[in-house]
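Visitor: Just query22.txt, nothing more (compact mmCIF, C-alpha atoms):
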# COMPACT_ATOMS: atom_id res chain seq x y z
CA MET A 16 -22.72 55.01 53.21
CA ILE A 17 -26.28 53.67 53.36
CA VAL A 18 -26.41 49.87 53.66
CA VAL A 19 -29.10 47.28 54.27
CA ARG A 20 -28.00 44.55 56.68
CA CYS A 21 -29.40 41.70 58.73
CA VAL A 22 -31.11 42.88 61.91
CA GLN A 23 -29.25 42.50 65.21
CA PRO A 24 -30.48 42.22 68.83
CA GLY A 25 -29.11 45.69 69.58
CA ASP A 26 -31.46 47.23 67.00
CA VAL A 27 -34.67 46.82 69.04
CA ASP A 28 -34.74 50.35 70.49
CA ALA A 29 -34.16 51.87 67.05
CA LEU A 30 -36.87 49.65 65.56
CA VAL A 31 -39.43 50.78 68.13
CA ALA A 32 -38.62 54.43 67.41
CA LEU A 33 -38.84 53.85 63.66
CA ALA A 34 -42.16 52.00 63.94
CA LEU A 35 -43.66 55.05 65.64
CA GLU A 36 -43.23 56.90 62.32
CA THR A 37 -45.59 54.55 60.45
CA GLY A 38 -49.30 55.15 59.93
CA PRO A 39 -52.25 52.74 60.01
CA GLY A 40 -52.29 49.64 57.88
CA LEU A 41 -48.67 48.48 58.05
CA THR A 42 -49.62 45.23 59.77
CA THR A 43 -46.18 43.64 59.99
CA PHE A 44 -44.28 46.52 61.59
CA LYS A 45 -45.93 47.87 64.72
CA PRO A 46 -44.30 49.88 67.58
CA ASP A 47 -44.53 46.94 69.99
CA ARG A 48 -41.23 46.26 71.77
CA ALA A 49 -42.00 42.67 72.73
CA ALA A 50 -43.21 41.80 69.26
CA LEU A 51 -40.22 43.45 67.58
CA ALA A 52 -37.77 41.76 69.94
CA GLY A 53 -39.45 38.44 69.16
CA ARG A 54 -39.14 39.07 65.45
CA VAL A 55 -35.46 39.93 65.76
CA GLU A 56 -34.90 36.68 67.64
CA ARG A 57 -36.88 34.73 65.02
CA ALA A 58 -34.70 36.23 62.28
CA ARG A 59 -31.58 35.21 64.20
CA ARG A 60 -32.86 31.65 64.57
CA THR A 61 -33.80 31.53 60.90
CA LEU A 62 -30.26 32.45 59.86
CA ALA A 63 -28.92 29.82 62.27
CA GLY A 64 -31.19 27.13 60.82
CA GLU A 65 -33.00 26.63 64.13
CA VAL A 66 -36.63 27.07 62.96
CA GLU A 67 -39.27 25.02 61.18
CA PRO A 68 -40.29 26.19 57.68
CA PHE A 69 -43.57 27.73 58.89
CA GLU A 70 -41.65 29.94 61.37
CA ALA A 71 -38.78 31.08 59.13
CA GLY A 72 -38.50 34.77 58.35
CA TYR A 73 -35.75 37.29 57.58
CA PHE A 74 -35.61 40.88 58.79
CA PHE A 75 -33.30 43.65 57.57
CA VAL A 76 -32.54 47.22 58.60
CA MET A 77 -31.21 50.13 56.57
CA GLU A 78 -28.37 51.86 58.39
CA ASP A 79 -26.49 55.06 57.76
CA THR A 80 -22.99 53.83 58.54
CA ALA A 81 -21.77 57.38 59.15
CA THR A 82 -24.19 57.93 62.05
CA GLY A 83 -25.48 54.47 62.97
CA ASP A 84 -29.04 55.72 62.40
CA VAL A 85 -31.60 53.04 61.46
CA ALA A 86 -33.50 54.58 58.56
CA GLY A 87 -35.72 51.75 57.33
CA VAL A 88 -36.73 48.11 57.52
CA CYS A 89 -37.81 45.31 55.23
CA GLY A 90 -38.52 41.62 55.62
CA ILE A 91 -39.13 38.28 53.94
CA GLU A 92 -41.45 35.58 55.27
CA THR A 93 -40.32 32.24 53.86
CA GLU A 94 -43.56 30.25 53.50
CA VAL A 95 -46.79 31.93 54.56
CA GLY A 96 -49.92 30.13 55.68
CA LEU A 97 -48.33 26.89 56.87
CA GLU A 98 -49.26 27.41 60.53
CA GLN A 99 -51.55 30.46 60.60
CA PRO A 100 -53.96 30.75 57.64
CA PHE A 101 -52.99 33.35 55.04
CA TYR A 102 -56.32 34.83 54.02
CA ASN A 103 -57.01 37.06 51.03
CA TYR A 104 -59.99 37.96 48.94
CA ARG A 105 -59.82 36.71 45.37
CA VAL A 106 -61.64 39.07 43.00
CA SER A 107 -63.64 37.06 40.47
CA THR A 108 -66.44 37.69 37.99
CA VAL A 109 -69.93 36.20 37.80
CA VAL A 110 -72.49 36.70 35.04
CA HIS A 111 -76.27 36.59 35.65
CA ALA A 112 -78.39 36.31 32.51
CA SER A 113 -82.04 35.88 31.60
CA LYS A 114 -82.81 34.93 28.00
CA ASP A 115 -86.52 35.61 28.43
CA MET A 116 -85.94 39.13 29.74
CA GLY A 117 -82.99 39.84 27.49
CA VAL A 118 -80.98 40.95 30.52
CA TRP A 119 -77.49 40.02 31.61
CA THR A 120 -75.20 41.49 34.23
CA ARG A 121 -71.51 41.06 34.97
CA MET A 122 -70.55 41.50 38.63
CA SER A 123 -67.40 41.23 40.70
CA LEU A 124 -67.24 38.90 43.69
CA LEU A 125 -64.89 38.79 46.66
CA ASN A 126 -64.15 35.18 47.65
CA ILE A 127 -62.15 34.16 50.73
CA SER A 128 -58.99 32.49 49.44
CA HIS A 129 -55.99 30.47 50.65
CA ASP A 130 -54.42 30.49 47.18
CA LEU A 131 -51.11 32.00 48.33
CA THR A 132 -50.34 29.41 51.00
CA GLY A 133 -46.69 28.36 50.77
CA TYR A 134 -45.56 31.51 48.94
CA ALA A 135 -42.65 33.58 50.18
CA GLU A 136 -43.75 37.09 51.10
CA VAL A 137 -41.81 40.34 51.00
CA CYS A 138 -43.18 42.55 53.73
CA SER A 139 -42.60 45.24 56.36
CA LEU A 140 -41.10 47.74 53.92
CA PHE A 141 -40.84 51.13 55.61
CA LEU A 142 -38.42 54.00 54.99
CA SER A 143 -38.30 56.99 57.31
CA PRO A 144 -39.39 60.24 55.62
CA ARG A 145 -36.03 61.63 56.70
CA TYR A 146 -34.32 59.38 54.14
CA ARG A 147 -36.73 59.50 51.23
CA THR A 148 -34.33 60.73 48.58
CA ALA A 149 -33.48 59.41 45.12
CA GLY A 150 -32.43 55.78 45.04
CA VAL A 151 -32.71 55.01 48.77
CA GLY A 152 -36.13 53.38 48.56
CA GLY A 153 -34.99 51.27 45.62
CA LEU A 154 -32.01 50.00 47.60
CA LEU A 155 -34.21 49.07 50.57
CA SER A 156 -36.76 47.21 48.46
CA ARG A 157 -34.37 45.45 46.09
CA SER A 158 -31.95 44.38 48.83
CA ARG A 159 -34.42 41.58 49.63
CA PHE A 160 -34.22 40.31 46.07
CA MET A 161 -30.42 40.42 46.19
CA PHE A 162 -30.65 38.22 49.29
CA MET A 163 -33.07 35.85 47.56
CA ALA A 164 -30.84 35.66 44.50
CA GLN A 165 -27.82 34.78 46.63
CA PHE A 166 -29.62 32.22 48.78
CA ARG A 167 -32.14 30.91 46.27
CA GLU A 168 -32.31 27.47 47.89
CA ARG A 169 -33.88 28.96 51.02
CA PHE A 170 -37.06 30.10 49.25
CA PRO A 171 -40.02 28.49 47.45
CA GLN A 172 -40.87 28.99 43.79
CA ARG A 173 -43.43 31.78 44.18
CA LEU A 174 -43.46 35.16 45.88
CA CYS A 175 -46.13 37.66 46.92
CA ALA A 176 -46.33 41.13 48.45
CA GLU A 177 -49.37 42.53 50.30
CA LEU A 178 -49.51 46.29 49.84
CA ARG A 179 -51.25 48.76 52.11
CA GLY A 180 -54.68 49.74 50.83
CA HIS A 181 -56.35 53.11 50.45
CA PHE A 182 -57.18 55.24 53.52
CA ASP A 183 -59.18 58.45 53.34
CA ASP A 184 -58.17 61.86 54.66
CA ASN A 185 -59.53 60.91 58.09
CA GLY A 186 -57.21 57.91 58.28
CA GLU A 187 -60.03 55.42 57.80
CA SER A 188 -60.37 52.54 55.35
CA PRO A 189 -63.61 52.83 53.31
CA PHE A 190 -63.42 49.12 52.51
CA TRP A 191 -63.11 48.12 56.17
CA ASN A 192 -66.02 50.36 57.08
CA ALA A 193 -68.18 48.75 54.38
CA VAL A 194 -67.21 45.11 54.96
CA GLY A 195 -64.99 44.10 57.87
CA SER A 196 -66.56 46.31 60.51
CA HIS A 197 -69.93 44.58 60.09
CA PHE A 198 -68.52 41.08 60.58
CA TYR A 199 -65.83 41.60 63.22
CA GLN A 200 -67.50 44.30 65.34
CA ILE A 201 -64.16 45.93 66.19
CA ASP A 202 -62.32 48.85 64.61
CA PHE A 203 -59.64 48.49 61.95
CA ASN A 204 -56.68 49.16 64.24
CA GLU A 205 -57.75 46.52 66.75
CA ALA A 206 -58.26 43.91 64.03
CA ASP A 207 -54.94 44.87 62.47
CA TYR A 208 -53.20 44.57 65.84
CA LEU A 209 -54.64 41.11 66.55
CA SER A 210 -53.73 39.86 63.09
CA SER A 211 -50.17 41.20 63.29
CA HIS A 212 -49.67 39.32 66.58
CA GLY A 213 -50.76 36.00 65.12
CA LYS A 214 -54.19 36.02 66.78
CA LYS A 215 -56.12 35.11 63.65
CA SER A 216 -58.71 32.66 64.94
CA PHE A 217 -61.31 35.44 64.97
CA LEU A 218 -60.91 35.76 61.20
CA ALA A 219 -62.05 32.21 60.52
CA GLU A 220 -64.78 32.46 63.15
CA LEU A 221 -66.30 35.74 61.99
CA MET A 222 -65.40 36.30 58.34
CA PRO A 223 -68.10 36.20 55.61
CA ARG A 224 -69.18 32.63 54.80
CA PHE A 225 -70.23 33.47 51.24
CA PRO A 226 -68.83 35.64 48.44
CA VAL A 227 -69.32 39.38 48.80
CA TYR A 228 -70.88 41.11 45.78
CA LEU A 229 -68.67 44.12 45.20
CA ASP A 230 -71.48 45.97 43.39
CA LEU A 231 -73.56 45.99 46.59
CA LEU A 232 -70.94 47.98 48.50
CA PRO A 233 -70.85 51.79 48.66
CA GLU A 234 -69.00 53.33 45.74
CA SER A 235 -66.35 54.67 48.11
CA ALA A 236 -65.51 51.08 49.06
CA GLN A 237 -65.72 49.72 45.51
CA ARG A 238 -63.18 52.28 44.30
CA THR A 239 -60.58 51.13 46.86
CA VAL A 240 -60.36 47.47 45.81
CA GLY A 241 -56.84 46.84 44.54
CA VAL A 242 -55.84 50.48 45.15
CA THR A 243 -52.53 51.21 46.87
CA HIS A 244 -52.08 53.64 49.76
CA ARG A 245 -50.49 56.85 48.48
CA ASP A 246 -47.42 56.34 50.69
CA THR A 247 -46.99 52.83 49.29
CA ALA A 248 -47.28 53.79 45.61
CA PRO A 249 -43.48 54.09 45.12
CA ALA A 250 -43.02 50.61 46.63
CA ARG A 251 -45.58 49.20 44.21
CA LYS A 252 -43.79 50.79 41.28
CA MET A 253 -40.49 49.21 42.33
CA LEU A 254 -42.08 45.79 42.85
CA GLU A 255 -43.70 45.93 39.43
CA ALA A 256 -40.34 46.87 37.91
CA GLU A 257 -39.01 43.66 39.46
CA GLY A 258 -41.72 41.61 37.77
CA LEU A 259 -44.48 41.30 40.38
CA ARG A 260 -48.04 41.76 39.13
CA TYR A 261 -51.53 42.21 40.55
CA GLU A 262 -53.39 38.93 39.98
CA ASN A 263 -56.77 39.80 41.56
CA HIS A 264 -55.97 39.03 45.18
CA VAL A 265 -56.54 41.77 47.78
CA ASP A 266 -56.12 42.15 51.53
CA ILE A 267 -59.17 41.15 53.59
CA PHE A 268 -59.00 44.26 55.80
CA ASP A 269 -58.30 47.24 53.51
CA ALA A 270 -58.52 45.63 50.01
CA GLY A 271 -54.94 46.63 49.21
CA PRO A 272 -53.49 44.76 46.20
CA VAL A 273 -51.41 41.59 46.49
CA LEU A 274 -48.65 41.36 43.87
CA GLU A 275 -47.28 37.97 42.77
CA CYS A 276 -44.61 36.33 40.61
CA HIS A 277 -42.24 33.38 40.32
CA VAL A 278 -39.01 34.04 42.20
CA ALA A 279 -37.03 32.93 39.15
CA ASP A 280 -38.69 35.73 37.14
CA LEU A 281 -37.53 38.54 39.43
CA ARG A 282 -35.33 40.95 37.52
CA THR A 283 -32.71 40.93 40.26
CA VAL A 284 -32.58 37.12 40.29
CA ARG A 285 -32.28 37.00 36.49
CA GLU A 286 -29.77 39.81 35.98
CA SER A 287 -27.53 39.99 39.04
CA VAL A 288 -24.11 38.35 38.70
CA LEU A 289 -21.21 37.35 40.93
CA ALA A 290 -17.94 39.26 40.66
CA THR A 291 -14.57 39.49 42.37
CA VAL A 292 -13.84 42.60 44.44
CA ARG A 293 -11.02 44.92 43.39
CA ILE A 294 -10.35 47.83 45.74
CA GLY A 295 -9.02 51.11 44.38
CA GLU A 296 -9.55 54.84 43.99
CA ARG A 297 -12.18 56.41 41.77
CA ASP A 298 -11.82 59.16 39.21
CA ASP A 299 -13.82 62.32 39.87
CA ALA A 300 -16.28 62.11 36.98
CA GLN A 301 -19.51 60.65 38.38
CA SER A 302 -22.73 59.50 36.74
CA ASP A 303 -26.18 58.94 38.20
CA ALA A 304 -26.07 55.20 37.39
CA LYS A 305 -26.11 53.00 40.46
CA SER A 306 -25.26 49.33 40.90
CA LEU A 307 -26.58 47.32 43.81
CA VAL A 308 -23.80 45.34 45.45
CA SER A 309 -24.06 42.80 48.25
CA ASN A 310 -21.66 40.51 49.99
CA THR A 311 -22.34 36.77 49.96
CA SER A 312 -22.44 36.25 53.73
CA LEU A 313 -25.61 34.70 55.13
CA GLY A 314 -25.21 35.81 58.74
CA ASP A 315 -23.72 39.23 57.96
CA PHE A 316 -25.46 40.05 54.69
CA ARG A 317 -24.99 43.65 53.57
CA CYS A 318 -26.17 45.45 50.45
CA GLY A 319 -25.44 48.96 49.19
CA ALA A 320 -25.83 51.18 46.13
CA ILE A 321 -22.58 52.10 44.37
CA THR A 322 -22.62 55.22 42.20
CA GLY A 323 -20.84 54.85 38.87
CA ALA A 324 -17.85 56.82 37.67
CA THR A 325 -16.03 56.98 34.35
CA THR A 326 -12.88 54.94 35.06
CA GLY A 327 -11.08 53.50 38.03
CA ALA A 328 -7.42 53.62 38.97
CA ILE A 329 -7.00 49.84 38.63
CA THR A 330 -6.43 48.74 35.00
CA GLY A 331 -8.74 51.50 33.78
CA ALA A 332 -11.83 49.49 34.83
CA THR A 333 -15.19 51.16 34.64
CA THR A 334 -16.70 51.46 38.09
CA GLY A 335 -20.36 50.72 38.54
CA ALA A 336 -20.05 47.78 36.13
CA VAL A 337 -18.60 44.26 36.15
CA GLU A 338 -15.61 43.95 33.82
CA ASP A 339 -13.59 40.76 33.31
CA GLY A 340 -15.39 39.27 36.29
CA THR A 341 -14.29 42.04 38.70
CA PHE A 342 -16.06 44.95 40.37
CA LEU A 343 -14.26 48.03 41.66
CA LEU A 344 -15.04 49.32 45.16
CA SER A 345 -13.45 52.11 47.14
CA ALA A 346 -11.90 51.19 50.47
CA ASP A 347 -14.79 52.83 52.34
CA GLU A 348 -17.40 50.97 50.31
CA ALA A 349 -15.63 47.67 50.84
CA ALA A 350 -15.50 48.32 54.57
CA ALA A 351 -19.22 49.17 54.69
CA LEU A 352 -20.05 45.94 52.83
CA ARG A 353 -17.50 44.02 54.94
CA VAL A 354 -15.59 42.62 52.00
CA LYS A 355 -11.92 42.71 51.08
CA ASP A 356 -9.88 42.51 47.90
CA GLY A 357 -10.50 39.18 46.17
CA ASP A 358 -13.83 38.46 47.90
CA THR A 359 -16.96 37.65 45.91
CA VAL A 360 -19.89 40.08 45.68
CA ARG A 361 -23.24 39.97 43.91
CA VAL A 362 -23.88 42.89 41.53
CA LEU A 363 -26.98 44.25 39.83
CA THR A 364 -25.63 46.86 37.45
CA SER A 365 -26.87 50.16 36.10
CA GLN A 366 -29.72 51.13 38.40
CA ARG A 367 -30.60 54.71 37.46
CA ALA A 368 -31.01 56.97 40.46
CA ARG A 369 -34.64 57.87 41.11
Written as C-alpha cells, how would this file's structure read?
Guide:
Amino acid sequence: MIVVRCVQPGDVDALVALALETGPGLTTFKPDRAALAGRVERARRTLAGEVEPFEAGYFFVMEDTATGDVAGVCGIETEVGLEQPFYNYRVSTVVHASKDMGVWTRMSLLNISHDLTGYAEVCSLFLSPRYRTAGVGGLLSRSRFMFMAQFRERFPQRLCAELRGHFDDNGESPFWNAVGSHFYQIDFNEADYLSSHGKKSFLAELMPRFPVYLDLLPESAQRTVGVTHRDTAPARKMLEAEGLRYENHVDIFDAGPVLECHVADLRTVRESVLATVRIGERDDAQSDAKSLVSNTSLGDFRCGAITGATTGAITGATTGAVEDGTFLLSADEAAALRVKDGDTVRVLTSQRAR
C-alpha cells in the first residue's frame, strides 16, 4: 500500500536520492544532505512542540509499504515570513492618461510585497516519475490537508502555495534572465540555492527598489508571469480543486504563481469526517472511487487512499464510504495506517481516481 507518513531520521539517505530526481526551481527540496537532515530534525522538533512559531514546519514522505521505497515528499511551513522575509511580487495595474492628447494606457506593475507574512505554506511537493500513476499525486498533495484538518489548531487562518514557474527548453527561466539576473548578478541556481538555505539578506540588499513595469520586459518574460512549470501543472490543478486561487502574487525569481485561500475553505477541511474503524474482508467488485483515510496520531500520522468496493463482509457496509459512523478497512490497510478495530480515522470520501 502507498501511504504518506511523517518523516523519520532514517529517511535522510532516501530523501537525498529522491531530491536528485528534481529539476531546477524546486527551492525547498534540494539534494543537500545537511540541509535535509536539518529539516527532518526541525520536523521532529515541531511535532514535539520544541520550536518557536517562526521555525515550525512539517515534512512528510510517501512510502510504498511493500518495498519501503520513498516515492515522494511534501511539506507544510506553519507561519512564513516571521523570521526571514517572505518576498513576492504583487501584480497590480496602473493607468496613465492624458486628456489633452486623448491617450491612456493600462500597464501591469510588479511590486515587492510582504502580503503573505504569517500564512501557512504548503511546499516541497515532489513525486518520483516512477510513481506517477492515477491517484498517487492526489494522495500526496491532499495528505497535507488531511493533516491540517485533523490538527487545525496548529495552523493560522490563511494558506498559500508557491508553484514553480516556467522554464524554457534550455532549462532557463526567461523571467529571471529579464529581471533577477540584472539585479543580483548571479545565475538562477545560485540565487535559488542561497534562498533555500535561508541566506536571504542579498534579496533585500539587491532587489529592485521601485515597481517593475511588466510591459518593458521582453515578451518571453511577460508571458511567463503567473505561468506554472509544465511538471507542476497537475499539482496546480489539485490545489485549485481544493479551493486555492491565484490572487496576483508571483515568485520573485521565476514569476511562478502563488495560490491562496482560507484554511477553513479547503475542501478537505470542509468535507472530511471522523469515523470509527471496522476491520473486515472486502467483496471482489471494485470501483475506481477512492477515499482518503488518515489516522489521528500527531507523531505517527499516516494517510492512504482506499479503493471502494460494492459491499463489505461486516453488516453489508459499503466500503469506501462512511456508514453509521464507521469505515471499513481490510486488515492490511489498517496495519499500513497503524490503526485497529474501534480506532478513529479521518475520511474524505469518493475521490475519483485520476
Visitor: For each of A:Gly357, A:Pro226, A:Pro100, A:Gly186, take the minimum atom-to-atom distance to Gly340 (chain A), counting only C-alpha atoms, then give the residue where this is smallest.
Guide: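 Checking each candidate against Gly340 (chain A), we get A:Gly357 as the closest.
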Visitor: Rank nothing, just name the residue among A:Gly180, A:Gly152, A:Pro46, A:Gly295 nearest to Asp266 (chain A), using all atoms listed in the file.
Guide: A:Gly180
Visitor: May I ask which of the residues A:Leu281, A:Ile91, A:Val362, A:Leu218 is the closest one to Thr61 (chain A), counting only C-alpha atoms?
Guide: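 Among the listed residues, the smallest separation from Thr61 (chain A) belongs to A:Ile91.
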Visitor: Which residue gives the smallest distance to Arg293 (chain A) among A:Asp115, A:Asp269, A:Glu348, A:Asp280, with only C-alpha atoms counted?
Guide: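 Of A:Asp115, A:Asp269, A:Glu348, A:Asp280, the one nearest Arg293 (chain A) is A:Glu348, counting only C-alpha atoms.
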Visitor: My list of candidates is A:Phe268, A:Phe101, A:Phe342, A:Phe182. Which is closest to Ile321 (chain A) when distances are computed with all atoms listed in the file?
Guide: A:Phe342
Visitor: Around (-61.6, 54.2, 59.0), as given in the file, which residues come within 12 Å? Count all atoms listed in the file and list them as a short mmCIF file (atom, residue, chain, number, x, y, z; two decimals) with C-alpha atoms, in the coordinates of the input.
Guide:
data_model
loop_
_atom_site.label_atom_id
_atom_site.label_comp_id
_atom_site.auth_asym_id
_atom_site.auth_seq_id
_atom_site.Cartn_x
_atom_site.Cartn_y
_atom_site.Cartn_z
CA PRO A 39 -52.25 52.74 60.01
CA GLY A 40 -52.29 49.64 57.88
CA GLY A 180 -54.68 49.74 50.83
CA HIS A 181 -56.35 53.11 50.45
CA PHE A 182 -57.18 55.24 53.52
CA ASP A 183 -59.18 58.45 53.34
CA ASP A 184 -58.17 61.86 54.66
CA ASN A 185 -59.53 60.91 58.09
CA GLY A 186 -57.21 57.91 58.28
CA GLU A 187 -60.03 55.42 57.80
CA SER A 188 -60.37 52.54 55.35
CA PRO A 189 -63.61 52.83 53.31
CA PHE A 190 -63.42 49.12 52.51
CA TRP A 191 -63.11 48.12 56.17
CA ASN A 192 -66.02 50.36 57.08
CA ALA A 193 -68.18 48.75 54.38
CA VAL A 194 -67.21 45.11 54.96
CA GLY A 195 -64.99 44.10 57.87
CA SER A 196 -66.56 46.31 60.51
CA ILE A 201 -64.16 45.93 66.19
CA ASP A 202 -62.32 48.85 64.61
CA PHE A 203 -59.64 48.49 61.95
CA ASN A 204 -56.68 49.16 64.24
CA GLU A 205 -57.75 46.52 66.75
CA ALA A 206 -58.26 43.91 64.03
CA ASP A 207 -54.94 44.87 62.47
CA SER A 235 -66.35 54.67 48.11
CA ALA A 236 -65.51 51.08 49.06
CA PHE A 268 -59.00 44.26 55.80
CA ASP A 269 -58.30 47.24 53.51
#
Visitor: For CA of Thr93 (chain A) and CA of Val288 (chain A), determine how far apart the two atoms are, in Å to one decimal place.
Guide: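 Answer for the CA of Thr93 (chain A) to CA of Val288 (chain A) separation: 23.0 Å.
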Visitor: Which residue gives the smallest distance to Val88 (chain A) among A:Val137, A:Cys175, A:Val110, A:Ala336, with only C-alpha atoms counted?
Guide: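 Nearest candidate to Val88 (chain A) out of A:Val137, A:Cys175, A:Val110, A:Ala336: A:Val137.
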Visitor: Just the residues within 7 Å of Leu221 (chain A), please, counting only C-alpha atoms, with nothing from its chain fewer than 3 positions along; format it as a PyMOL selection string.
Guide: chain A and resi 198-199+217-218
Visitor: Between CA of Val151 (chain A) and CA of Val31 (chain A), what distance in Å does the model show, to one decimal?
Guide: 20.9 Å
Visitor: If we count all atoms listed in the file and set the cut-off at 10 Å, which residues sit around Cys21 (chain A), ignoring sequence neighbours fewer than 4 positions away in its own chain? Please answer as a list in words.
Guide: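 What passes the distance filter is Val55, Ala58, Arg59, Leu62, Tyr73, Phe74, Phe75, Val76, Met77, Val88, Cys89, Gly90, Leu313, Gly314, Asp315, Phe316, Arg317 and Cys318 of chain A.
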Visitor: Can those selected residues be exported to a file as a PDB file, in the coordinates of the input so that it contains C-alpha atoms?
Guide:
ATOM      1  CA  VAL A  55     -35.460  39.930  65.760  1.00  0.00           C
ATOM      2  CA  ALA A  58     -34.700  36.230  62.280  1.00  0.00           C
ATOM      3  CA  ARG A  59     -31.580  35.210  64.200  1.00  0.00           C
ATOM      4  CA  LEU A  62     -30.260  32.450  59.860  1.00  0.00           C
ATOM      5  CA  TYR A  73     -35.750  37.290  57.580  1.00  0.00           C
ATOM      6  CA  PHE A  74     -35.610  40.880  58.790  1.00  0.00           C
ATOM      7  CA  PHE A  75     -33.300  43.650  57.570  1.00  0.00           C
ATOM      8  CA  VAL A  76     -32.540  47.220  58.600  1.00  0.00           C
ATOM      9  CA  MET A  77     -31.210  50.130  56.570  1.00  0.00           C
ATOM     10  CA  VAL A  88     -36.730  48.110  57.520  1.00  0.00           C
ATOM     11  CA  CYS A  89     -37.810  45.310  55.230  1.00  0.00           C
ATOM     12  CA  GLY A  90     -38.520  41.620  55.620  1.00  0.00           C
ATOM     13  CA  LEU A 313     -25.610  34.700  55.130  1.00  0.00           C
ATOM     14  CA  GLY A 314     -25.210  35.810  58.740  1.00  0.00           C
ATOM     15  CA  ASP A 315     -23.720  39.230  57.960  1.00  0.00           C
ATOM     16  CA  PHE A 316     -25.460  40.050  54.690  1.00  0.00           C
ATOM     17  CA  ARG A 317     -24.990  43.650  53.570  1.00  0.00           C
ATOM     18  CA  CYS A 318     -26.170  45.450  50.450  1.00  0.00           C
TER      19      CYS A 318
END
Visitor: Can you measure CA of Thr243 (chain A) to CA of Arg105 (chain A) for me? One decimal in Å is fine.
Guide: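 Rounded to one decimal, the two atoms are 16.3 Å apart.
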Visitor: Need the shell around Thr247 (chain A): protein/DNA/RNA residues with any atom at most 12 Å away, counting all atoms listed in the file. Skip same-chain ones fewer than 5 positions apart. Format as a ChimeraX atom specification?
Guide: /A:37-41,138-142,152,156,176-182,242,252-254,271-272
Visitor: Using all atoms listed in the file, determine which residues lie at most 12 Å from Arg147 (chain A), disregarding the query and same-chain residues fewer than 5 positions distant; provide the list as a list in words.
Guide: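 In the requested format, the answer is Ala86, Gly87, Phe141, Leu142, Gly152, Gly153, Leu154, Leu155, Asp246, Pro249, Ala250 and Arg369 of chain A.
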